[in-house]
Amino acid sequence: MSGATVAAAEPVEAGSSQAVKAQLRLREMVLAGELPGGARIAEVAISELLGVSRTPVRSALMRLEQEGLLEALPNGGYAVRTFSERDVSDAIELRGTLEGLSARLAAERGAAPVVLREARACLKRIDELLREPALDDAAFSRYVSFNEQFHRFLSEMAGSPLIAQQLERVINLPFASPSGFVVVQANSPAARDMLVIAQDQHGQVLDAIENREGSRAEALMREHSRLAQRNLREALHGAQNHSLPGVQLIRRRA
């Protein structure tokens with residue numbers, strides 16, 4: 001009986017694995033510009049290109065629609081989405097608003113000591129990275145990971161599953177995550193200075209939460225999101241040619 005159960009489960013697991021691989025590869029193709037904005041996605045062609053059946057491809061396409069990278073067409077199928085600069089700016093603004101609300105509630109309600117300690121430890125790791133005069137690729141990847149971790153701690157501190165759920169939805173929008181445009185800083189001559197400013201804001205908001213200063217904590221997180229707005233403008237209108245994945249999907253303002 002147990003053998004029959006295992007045998008029956010194997011195709012399901014294999015199919016799930018293929019769907020995940022198809023999803024990752026399709027996302028990579030979209031963000032790299034291999035599938036340009038507005039391009040119609042042919043399920044059969046993608047299936048042949050990836051060497052998998054149409055079932056995992058169909059699953060991958062549905063998932064990428066949920067992520068916001070694809071849009072369903074009225075007559076069936078999908079196309080690669082494009083985004084106006086205002087779309088992305090609004091998503092960043094919405095994240096800043098929700099993170100500000102989370103920070104204020106964390107201060108007013110009192111954050112769990114264990115989460116505060118974990119957030120402090122996370123900031124300490126970032127401080128250690130920023131002591132170096134420059135970040136190599138490995139150090140920068142660690143920074144991105146710690147930065148996203150710290151923002152998750154801030155969300156957790158509010159003690160509101162409802163707000164955390166809404167914030168998660170916003171963060172999953174294309175280019176709206178806390179590290180969505182951090183890569184622009186890595187390519188900037190003033191890269192480390194910008195990261196130091198962001199880190200100082202991290203520390204200040206944590207101090208405000210610990211001191212139960214709700215309005216200050218909220219204002220600091222709203223201001224923190226302005227760095228992402230600045231990086232968005234730099235990615236689209238700066239003199240440097242940024243290699244930010246997916247930037248070609250954003251329609252620049254005239």
# chains A, B, ... in the order shown; residues from 1 in each chain; ligands from 1
>>> residues_around(residues="Glu148 (chain A)", least_positions_apart="5", cutoff="9 Å", atoms="only C-alpha atoms", output="list in words")
Tyr143, Phe153, Ser177, Pro178 and Ser179 of chain A
>>> select_by_dssp(residues="region 14-220 of chain A", states="helix (DSSP H, G or I)", output="JSON, numbers by chain")
{"A": [14, 15, 16, 17, 18, 19, 20, 21, 22, 23, 24, 25, 26, 27, 28, 29, 30, 31, 43, 44, 45, 46, 47, 48, 49, 50, 54, 55, 56, 57, 58, 59, 60, 61, 62, 63, 64, 65, 66, 67, 85, 86, 87, 88, 89, 90, 91, 92, 93, 94, 95, 96, 97, 98, 99, 100, 101, 102, 103, 104, 105, 106, 107, 108, 109, 113, 114, 115, 116, 117, 118, 119, 120, 121, 122, 123, 124, 125, 126, 127, 128, 129, 130, 137, 138, 139, 140, 141, 142, 143, 144, 145, 146, 147, 148, 149, 150, 151, 152, 153, 154, 155, 156, 157, 161, 162, 163, 164, 165, 166, 167, 168, 169, 170, 171, 182, 183, 184, 185, 186, 191, 192, 193, 194, 195, 196, 197, 198, 199, 200, 201, 202, 203, 204, 205, 206, 207, 208, 209, 210, 214, 215, 216, 217, 218, 219, 220]}
>>> closest_residue(among="A:Asp136, A:Arg27, A:Gln66, A:Gly77", to="Glu43 (chain A)", atoms="only C-alpha atoms")
A:Gly77
>>> residues_around(residues="region 213-228 of chain A", least_positions_apart="4", cutoff="6 Å", atoms="only C-alpha atoms", output="list of chain:residue names")
A:Gly96, A:Gly100, A:Leu101, A:Ala103, A:Arg104, A:Ala107, A:Glu108, A:Val205, A:Ala208, A:Ile209
>>> closest_residue(among="A:Ala176, A:Val144, A:Tyr78, A:Gln18", to="Val52 (chain A)", atoms="only C-alpha atoms")
A:Gln18
>>> decode(residues="region 157-175 of chain A", atoms="N, CA and C atoms", output="PDB file, in the first residue's frame")
ATOM      1  N   MET A 157       6.870  43.332  13.539  1.00  0.00           N
ATOM      2  CA  MET A 157       6.770  44.073  14.794  1.00  0.00           C
ATOM      3  C   MET A 157       5.388  44.677  15.034  1.00  0.00           C
ATOM      4  N   ALA A 158       4.682  44.993  13.960  1.00  0.00           N
ATOM      5  CA  ALA A 158       3.376  45.625  14.101  1.00  0.00           C
ATOM      6  C   ALA A 158       2.352  44.694  14.737  1.00  0.00           C
ATOM      7  N   GLY A 159       2.569  43.393  14.615  1.00  0.00           N
ATOM      8  CA  GLY A 159       1.634  42.435  15.192  1.00  0.00           C
ATOM      9  C   GLY A 159       0.290  42.427  14.512  1.00  0.00           C
ATOM     10  N   SER A 160       0.288  42.746  13.207  1.00  0.00           N
ATOM     11  CA  SER A 160      -0.965  42.796  12.452  1.00  0.00           C
ATOM     12  C   SER A 160      -0.865  41.894  11.225  1.00  0.00           C
ATOM     13  N   PRO A 161      -1.416  40.686  11.280  1.00  0.00           N
ATOM     14  CA  PRO A 161      -1.392  39.805  10.105  1.00  0.00           C
ATOM     15  C   PRO A 161      -2.051  40.447   8.882  1.00  0.00           C
ATOM     16  N   LEU A 162      -3.086  41.269   9.115  1.00  0.00           N
ATOM     17  CA  LEU A 162      -3.779  41.904   7.998  1.00  0.00           C
ATOM     18  C   LEU A 162      -2.857  42.864   7.256  1.00  0.00           C
ATOM     19  N   ILE A 163      -2.171  43.739   7.997  1.00  0.00           N
ATOM     20  CA  ILE A 163      -1.269  44.690   7.364  1.00  0.00           C
ATOM     21  C   ILE A 163      -0.089  43.956   6.740  1.00  0.00           C
ATOM     22  N   ALA A 164       0.422  42.940   7.423  1.00  0.00           N
ATOM     23  CA  ALA A 164       1.536  42.162   6.887  1.00  0.00           C
ATOM     24  C   ALA A 164       1.154  41.513   5.556  1.00  0.00           C
ATOM     25  N   GLN A 165      -0.079  41.028   5.466  1.00  0.00           N
ATOM     26  CA  GLN A 165      -0.549  40.395   4.230  1.00  0.00           C
ATOM     27  C   GLN A 165      -0.609  41.408   3.096  1.00  0.00           C
ATOM     28  N   GLN A 166      -1.148  42.592   3.383  1.00  0.00           N
ATOM     29  CA  GLN A 166      -1.238  43.628   2.355  1.00  0.00           C
ATOM     30  C   GLN A 166       0.144  44.116   1.938  1.00  0.00           C
ATOM     31  N   LEU A 167       1.040  44.232   2.899  1.00  0.00           N
ATOM     32  CA  LEU A 167       2.399  44.662   2.589  1.00  0.00           C
ATOM     33  C   LEU A 167       3.104  43.625   1.724  1.00  0.00           C
ATOM     34  N   GLU A 168       2.870  42.354   2.014  1.00  0.00           N
ATOM     35  CA  GLU A 168       3.467  41.287   1.214  1.00  0.00           C
ATOM     36  C   GLU A 168       2.977  41.357  -0.231  1.00  0.00           C
ATOM     37  N   ARG A 169       1.711  41.661  -0.410  1.00  0.00           N
ATOM     38  CA  ARG A 169       1.163  41.787  -1.763  1.00  0.00           C
ATOM     39  C   ARG A 169       1.834  42.931  -2.514  1.00  0.00           C
ATOM     40  N   VAL A 170       2.046  44.055  -1.824  1.00  0.00           N
ATOM     41  CA  VAL A 170       2.686  45.199  -2.468  1.00  0.00           C
ATOM     42  C   VAL A 170       4.135  44.886  -2.805  1.00  0.00           C
ATOM     43  N   ILE A 171       4.849  44.271  -1.871  1.00  0.00           N
ATOM     44  CA  ILE A 171       6.258  43.948  -2.083  1.00  0.00           C
ATOM     45  C   ILE A 171       6.438  43.009  -3.271  1.00  0.00           C
ATOM     46  N   ASN A 172       5.444  42.174  -3.523  1.00  0.00           N
ATOM     47  CA  ASN A 172       5.525  41.233  -4.643  1.00  0.00           C
ATOM     48  C   ASN A 172       5.234  41.874  -5.989  1.00  0.00           C
ATOM     49  N   LEU A 173       4.774  43.140  -5.975  1.00  0.00           N
ATOM     50  CA  LEU A 173       4.594  43.834  -7.241  1.00  0.00           C
ATOM     51  C   LEU A 173       5.962  44.063  -7.877  1.00  0.00           C
ATOM     52  N   PRO A 174       6.033  44.009  -9.208  1.00  0.00           N
ATOM     53  CA  PRO A 174       7.329  44.211  -9.861  1.00  0.00           C
ATOM     54  C   PRO A 174       7.975  45.533  -9.446  1.00  0.00           C
ATOM     55  N   PHE A 175       9.221  45.470  -9.027  1.00  0.00           N
ATOM     56  CA  PHE A 175      10.050  46.625  -8.693  1.00  0.00           C
ATOM     57  C   PHE A 175       9.688  47.307  -7.373  1.00  0.00           C
TER      58      PHE A 175
END
